[in-house]
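Asker: One file: final.csv (CSV, C-alpha atoms).
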```
chain,number,residue,atom,x,y,z
A,1,MET,CA,179.2,85.2,90.2
A,2,GLU,CA,182.1,87.0,91.9
A,3,PHE,CA,179.8,88.2,94.6
A,4,ILE,CA,178.8,84.5,95.4
A,5,SER,CA,182.4,83.5,95.5
A,6,ILE,CA,183.3,86.3,97.9
A,7,SER,CA,180.3,85.6,100.1
A,8,GLN,CA,181.2,81.9,100.2
A,9,THR,CA,184.8,82.7,101.2
A,10,LEU,CA,183.5,85.1,103.9
A,11,VAL,CA,181.1,82.4,105.3
A,12,LYS,CA,184.0,79.9,105.3
A,13,LEU,CA,186.3,82.3,107.1
A,14,LEU,CA,183.6,83.1,109.7
A,15,PHE,CA,182.9,79.5,110.2
A,16,LEU,CA,186.7,78.8,110.7
A,17,LEU,CA,186.8,81.6,113.2
A,18,LEU,CA,183.9,80.1,115.1
A,19,LEU,CA,185.7,76.7,115.1
A,20,GLY,CA,188.9,78.5,116.3
A,21,VAL,CA,187.0,80.1,119.2
A,22,TYR,CA,185.5,76.6,120.0
A,23,VAL,CA,189.0,75.1,120.1
A,24,VAL,CA,190.0,77.7,122.6
A,25,PHE,CA,187.0,76.9,124.7
A,26,ALA,CA,187.9,73.2,124.6
A,27,ALA,CA,191.4,74.0,125.6
A,28,ILE,CA,190.2,76.1,128.6
A,29,MET,CA,188.1,73.1,129.6
A,30,VAL,CA,191.2,70.9,129.6
A,31,ARG,CA,193.2,73.4,131.7
A,32,GLN,CA,190.4,74.0,134.2
A,33,GLU,CA,189.9,70.2,134.7
A,34,GLN,CA,193.7,69.9,135.4
A,35,LEU,CA,193.5,72.7,137.9
A,36,MET,CA,190.3,71.5,139.6
A,37,SER,CA,191.5,67.9,139.8
A,38,ARG,CA,194.3,69.2,142.1
A,39,VAL,CA,191.7,70.9,144.3
A,40,VAL,CA,189.4,67.9,144.6
A,41,VAL,CA,190.7,64.4,143.8
A,42,ILE,CA,188.0,61.8,143.2
A,43,GLU,CA,190.0,58.8,142.1
A,44,ALA,CA,187.1,56.8,140.7
A,45,VAL,CA,185.8,59.3,138.2
A,46,ALA,CA,188.8,61.6,137.4
A,47,PRO,CA,190.5,59.5,134.7
A,48,ILE,CA,187.3,59.0,132.8
A,49,LEU,CA,186.4,62.7,132.9
A,50,ARG,CA,190.0,63.6,131.8
A,51,VAL,CA,189.8,61.3,128.8
A,52,LEU,CA,186.4,62.7,127.8
A,53,ILE,CA,187.6,66.3,128.0
A,54,TRP,CA,190.8,65.5,126.1
A,55,LEU,CA,188.7,63.7,123.4
A,56,HIS,CA,186.6,66.9,123.1
A,57,LEU,CA,189.7,69.0,122.5
A,58,ILE,CA,191.1,66.5,120.0
A,59,PHE,CA,187.8,66.4,118.1
A,60,SER,CA,187.6,70.2,118.1
A,61,VAL,CA,191.1,70.5,116.6
A,62,ALA,CA,190.4,67.7,114.1
A,63,LEU,CA,187.2,69.3,112.9
A,64,PHE,CA,189.0,72.7,112.5
A,65,PHE,CA,191.6,71.1,110.2
A,66,LEU,CA,188.9,69.1,108.4
A,67,ALA,CA,186.9,72.2,107.7
A,68,LEU,CA,190.1,74.0,106.6
A,69,ILE,CA,190.8,71.3,104.1
A,70,LEU,CA,187.3,70.4,102.9
A,71,LEU,CA,185.5,73.7,102.7
B,1,MET,CA,215.2,64.8,209.5
B,2,PRO,CA,211.5,64.1,208.8
B,3,ASP,CA,209.9,66.0,206.0
B,4,ILE,CA,207.4,68.6,207.0
B,5,TYR,CA,205.6,68.5,203.8
B,6,VAL,CA,205.8,66.0,201.0
B,7,ALA,CA,204.0,67.1,197.8
B,8,PRO,CA,201.8,64.3,196.5
B,9,HIS,CA,203.0,62.8,193.2
B,10,HIS,CA,200.6,63.7,190.4
B,11,LYS,CA,200.4,61.2,187.7
B,12,GLU,CA,201.0,63.0,184.5
B,13,LYS,CA,197.9,62.7,182.3
B,14,LYS,CA,198.8,61.1,179.1
B,15,LYS,CA,197.9,63.3,176.2
B,16,THR,CA,195.7,61.3,173.9
B,17,THR,CA,196.5,61.9,170.3
B,18,GLN,CA,193.8,59.6,169.0
B,19,THR,CA,190.9,61.4,167.5
B,20,LYS,CA,187.5,60.4,168.6
B,21,GLU,CA,185.6,58.2,166.2
B,22,VAL,CA,182.9,60.3,164.6
B,23,VAL,CA,179.5,58.6,164.9
B,24,LEU,CA,177.2,59.6,162.1
B,25,PRO,CA,173.5,60.0,162.9
B,26,ASN,CA,171.5,57.3,161.1
B,27,VAL,CA,173.3,57.7,157.9
B,28,LYS,CA,174.4,54.7,156.0
B,29,SER,CA,177.9,54.7,154.5
B,30,ARG,CA,177.7,54.3,150.8
B,31,ALA,CA,181.2,54.4,149.6
B,32,GLY,CA,182.3,52.9,146.3
B,33,PRO,CA,183.2,54.0,142.8
B,34,HIS,CA,179.6,54.3,141.5
B,35,TYR,CA,178.7,56.6,144.4
B,36,MET,CA,181.3,59.1,143.3
B,37,LEU,CA,178.7,60.6,141.0
B,38,SER,CA,176.2,60.8,143.8
B,39,SER,CA,175.2,64.1,145.4
B,40,PHE,CA,175.4,62.7,148.9
B,41,VAL,CA,178.3,60.4,149.7
B,42,VAL,CA,179.1,59.4,153.3
B,43,ARG,CA,182.8,58.7,154.2
B,44,PRO,CA,183.8,58.5,150.5
B,45,THR,CA,186.9,56.4,149.7
B,46,GLY,CA,189.5,57.8,147.3
B,47,VAL,CA,188.5,61.4,147.8
B,48,ARG,CA,191.0,64.1,148.7
B,49,PHE,CA,191.2,67.8,148.5
B,50,GLU,CA,194.1,70.2,148.2
B,51,THR,CA,194.4,71.5,151.8
B,52,GLN,CA,193.5,68.3,153.5
B,53,GLU,CA,195.6,67.4,156.5
B,54,ASN,CA,197.0,63.9,157.0
B,55,THR,CA,194.8,63.2,160.0
B,56,GLU,CA,191.7,64.8,158.5
B,57,GLU,CA,188.9,62.5,157.3
B,58,VAL,CA,186.2,63.4,154.8
B,59,VAL,CA,182.9,62.6,156.4
B,60,LEU,CA,180.5,63.9,153.7
B,61,LEU,CA,180.9,64.8,150.1
B,62,LEU,CA,178.0,66.8,148.8
B,63,ARG,CA,176.9,68.2,145.5
B,64,ARG,CA,173.7,69.8,144.2
B,65,HIS,CA,171.0,67.2,143.9
B,66,PHE,CA,171.2,65.4,140.6
B,67,ILE,CA,167.6,66.4,139.8
B,68,THR,CA,168.8,70.0,139.5
B,69,ASN,CA,170.6,68.9,136.3
B,70,THR,CA,167.3,68.2,134.6
B,71,PRO,CA,167.3,71.3,132.4
B,72,TRP,CA,170.6,70.7,130.8
B,73,VAL,CA,170.0,66.9,130.5
B,74,ILE,CA,166.8,67.6,128.6
B,75,GLY,CA,168.6,70.3,126.7
B,76,THR,CA,171.3,67.8,125.6
B,77,LEU,CA,168.6,65.3,124.5
B,78,LEU,CA,166.9,68.0,122.5
B,79,LEU,CA,170.2,68.9,120.9
B,80,ILE,CA,170.8,65.3,120.0
B,81,VAL,CA,167.4,64.7,118.3
B,82,PHE,CA,167.1,68.2,116.8
B,83,PRO,CA,168.9,67.5,113.5
B,84,PHE,CA,166.6,64.4,112.9
B,85,PHE,CA,163.6,66.8,112.7
B,86,ALA,CA,165.3,70.0,111.5
B,87,VAL,CA,167.0,68.6,108.4
B,88,PRO,CA,163.9,67.1,106.8
B,89,MET,CA,162.0,70.3,107.6
B,90,MET,CA,164.7,72.4,106.1
B,91,SER,CA,164.8,70.3,103.0
B,92,ILE,CA,161.1,71.1,102.5
B,93,PHE,CA,160.9,74.7,103.5
B,94,MET,CA,164.4,76.0,102.9
B,95,GLN,CA,165.4,74.1,99.7
B,96,GLN,CA,167.5,77.0,98.4
B,97,VAL,CA,169.7,76.9,101.5
B,98,ILE,CA,170.1,73.2,101.3
B,99,SER,CA,171.0,73.3,97.6
B,100,PHE,CA,173.6,76.1,98.4
B,101,LEU,CA,175.4,73.8,100.9
B,102,SER,CA,177.8,71.3,99.4
B,103,PRO,CA,177.9,67.7,101.0
B,104,ALA,CA,181.2,68.7,102.7
B,105,TRP,CA,179.4,71.7,104.3
B,106,ILE,CA,176.5,69.5,105.5
B,107,GLY,CA,179.0,66.9,106.9
B,108,ILE,CA,181.1,69.5,108.7
B,109,LEU,CA,178.0,71.3,110.1
B,110,THR,CA,176.6,68.0,111.4
B,111,LEU,CA,179.9,67.1,113.1
B,112,PHE,CA,180.1,70.6,114.6
B,113,TRP,CA,176.6,70.4,115.9
B,114,TYR,CA,177.3,67.1,117.7
B,115,LEU,CA,180.7,68.5,118.9
B,116,VAL,CA,178.9,71.5,120.5
B,117,THR,CA,176.3,69.1,122.0
B,118,PHE,CA,179.1,67.0,123.5
B,119,GLY,CA,180.8,70.3,124.7
B,120,PHE,CA,177.5,71.5,126.2
B,121,LEU,CA,177.1,68.1,128.1
B,122,LEU,CA,180.7,68.2,129.4
B,123,PHE,CA,180.5,71.9,130.4
B,124,ASN,CA,177.4,71.3,132.5
B,125,PHE,CA,178.7,68.1,133.9
B,126,VAL,CA,182.0,69.6,135.0
B,127,ASP,CA,180.1,72.5,136.5
B,128,TRP,CA,178.1,70.1,138.6
B,129,TYR,CA,180.9,67.7,139.3
B,130,PHE,CA,183.4,70.2,140.7
B,131,ASN,CA,181.0,72.2,142.7
B,132,VAL,CA,181.4,70.2,145.9
B,133,TYR,CA,180.8,70.7,149.5
B,134,ILE,CA,183.1,68.7,151.8
B,135,ILE,CA,182.5,68.1,155.4
B,136,THR,CA,185.5,66.7,157.3
B,137,ASP,CA,185.9,65.9,161.0
B,138,LYS,CA,187.7,69.3,161.3
B,139,ARG,CA,186.0,71.7,159.0
B,140,VAL,CA,183.7,72.4,156.1
B,141,VAL,CA,185.0,73.2,152.7
B,142,ASP,CA,183.1,74.9,149.8
B,143,VAL,CA,184.5,74.5,146.3
B,144,ASP,CA,182.8,76.7,143.7
B,145,LEU,CA,183.5,76.6,140.0
B,146,ILE,CA,181.6,79.2,138.1
B,147,ALA,CA,181.4,79.1,134.3
B,148,LEU,CA,184.7,77.2,134.1
B,149,ILE,CA,186.8,80.3,134.5
B,150,TYR,CA,186.2,81.4,138.0
B,151,LYS,CA,186.8,79.3,141.1
B,152,GLU,CA,186.5,80.0,144.8
B,153,ILE,CA,187.5,77.6,147.6
B,154,SER,CA,186.6,78.6,151.2
B,155,SER,CA,186.7,76.7,154.4
B,156,ALA,CA,185.9,77.1,158.1
B,157,GLU,CA,186.9,75.0,161.1
B,158,LEU,CA,184.0,73.3,162.9
B,159,ASP,CA,184.7,75.3,166.1
B,160,LYS,CA,184.1,78.5,164.2
B,161,ILE,CA,180.6,77.5,163.2
B,162,GLU,CA,177.9,79.2,165.2
B,163,ASP,CA,174.7,78.1,163.6
B,164,VAL,CA,173.6,75.5,161.0
B,165,THR,CA,170.1,75.7,159.5
B,166,TYR,CA,168.4,74.4,156.4
B,167,ARG,CA,165.8,75.7,154.1
B,168,GLN,CA,163.5,73.6,152.1
B,169,GLY,CA,160.4,74.8,150.4
B,170,GLY,CA,158.2,73.9,147.4
B,171,ALA,CA,156.8,70.7,146.1
B,172,TRP,CA,159.7,69.8,143.9
B,173,LEU,CA,162.2,70.1,146.8
B,174,THR,CA,160.0,68.2,149.1
B,175,ILE,CA,159.5,65.3,146.7
B,176,PHE,CA,163.2,64.9,145.9
B,177,ASN,CA,164.2,65.9,149.5
B,178,TYR,CA,166.8,68.6,148.8
B,179,GLY,CA,167.4,72.1,150.0
B,180,ASP,CA,169.9,74.8,151.0
B,181,VAL,CA,172.0,74.4,154.1
B,182,LEU,CA,173.1,77.7,155.7
B,183,ILE,CA,176.2,77.7,157.9
B,184,GLN,CA,176.9,80.8,160.0
B,185,THR,CA,180.4,81.3,161.2
B,186,ALA,CA,182.0,83.5,163.8
B,187,GLY,CA,184.0,86.6,163.2
B,188,THR,CA,185.4,87.4,159.8
B,189,HIS,CA,185.0,83.9,158.4
B,190,PRO,CA,182.6,83.7,155.5
B,191,ASN,CA,179.2,82.2,155.9
B,192,PHE,CA,178.4,79.2,153.8
B,193,GLU,CA,175.5,78.2,151.7
B,194,PHE,CA,175.3,74.7,150.4
B,195,SER,CA,172.8,75.1,147.6
B,196,ALA,CA,170.3,72.4,146.7
B,197,VAL,CA,172.0,69.5,148.6
B,198,ALA,CA,170.3,66.2,149.0
B,199,ASN,CA,169.1,65.3,152.5
B,200,PRO,CA,169.6,68.7,154.1
B,201,ASN,CA,168.3,67.5,157.4
B,202,LYS,CA,170.9,64.8,157.6
B,203,VAL,CA,173.6,67.3,156.6
B,204,VAL,CA,172.6,69.6,159.5
B,205,SER,CA,172.5,66.7,161.8
B,206,VAL,CA,176.0,65.5,160.8
B,207,ILE,CA,177.5,69.0,161.2
B,208,THR,CA,175.8,69.5,164.5
B,209,GLN,CA,177.1,66.1,165.8
B,210,LEU,CA,180.6,66.8,164.5
B,211,ILE,CA,180.6,70.1,166.4
B,212,GLU,CA,179.5,68.4,169.5
B,213,GLN,CA,182.4,65.9,169.2
B,214,ILE,CA,185.0,68.6,169.1
B,215,PRO,CA,187.3,67.9,172.0
```
Give the structure from the file, written as structure tokens.
Answerer:
Amino acid sequence: MEFISISQTLVKLLFLLLLGVYVVFAAIMVRQEQLMSRVVVIEAVAPILRVLIWLHLIFSVALFFLALILL
Amino acid sequence: MPDIYVAPHHKEKKKTTQTKEVVLPNVKSRAGPHYMLSSFVVRPTGVRFETQENTEEVVLLLRRHFITNTPWVIGTLLLIVFPFFAVPMMSIFMQQVISFLSPAWIGILTLFWYLVTFGFLLFNFVDWYFNVYIITDKRVVDVDLIALIYKEISSAELDKIEDVTYRQGGAWLTIFNYGDVLIQTAGTHPNFEFSAVANPNKVVSVITQLIEQIP
């Protein structure tokens, strides 16, 4: 019984770690888009792409906290 | 006293500051917002780059041909539909695993799966979108973004270009008309390779014509 409890906690921690790494990846994507949009400015597409990349980061952070609360 | 010699008055040549109008060889201009996702845009409007001069005009904006995105587009579609097949299969063959997972776990894992799918799509799109080749009336610019964390921007003036060739081989490349454009430059300037660009023959033609128009 205790073994199952420990293993469940371990799996949860590992999953949260994975989500944390994913949040870092999403943040890198936001930063890189900011830097690249200074190098090449394409007015028609840039705002849409920026919104999508920010949404990706927001969803990643939200999922991390959701997992932290629910699991 | 009469002048022995009178120097003739030379009319000073007015220096023309106007740049010559660049005439593109048989290439239709297709500017507009919806063409900003194209891999071959002639005289794009609303496109600038970091080191662009005020008088410099972007003549061509190039990317890898969109057909080169086929692997990751198919990959994304497979990632989207995978849970629809995998979950019923798992419930049949891996009933113990499914019973071990609480509804919260199943919900979080599903959300994570689609978040990763969205991330995979964005990552590949950004990689394609920001890897651009720009040809202006003064130079060629190569912007490379590799795996999001490494970028390289190189440029060479048109008068430093010595040779422009293109390479196109294979059925797939011939059907969709794309290939590599190789630009050799003089001296220590780096050589350029525009990989898998659409209409490579037109790209070579435009660069050649731009070089010929250098005053």
Asker: For chain B against chain A, which residues fall within 6 Å using all atoms listed in the file, given as a PyMOL selection string?
Answerer: chain B and resi 33+46-50
Asker: Would you save the residues from that selection as a CSV table (one decimal), in the coordinates of the input, using C-alpha atoms?
Answerer:
```
chain,number,residue,atom,x,y,z
B,33,PRO,CA,183.2,54.0,142.8
B,46,GLY,CA,189.5,57.8,147.3
B,47,VAL,CA,188.5,61.4,147.8
B,48,ARG,CA,191.0,64.1,148.7
B,49,PHE,CA,191.2,67.8,148.5
B,50,GLU,CA,194.1,70.2,148.2
```
Asker: Mind pulling up the distance from CA of Val132 (chain B) to CA of Ile214 (chain B)?
Answerer: 23.5 Å
Asker: When you draw a straight line from CA of Val126 (chain B) to CA of Ile108 (chain B), how long is it in Å?
Answerer: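 If I compute the distance from CA of Val126 (chain B) to CA of Ile108 (chain B), I get 26.3 Å.
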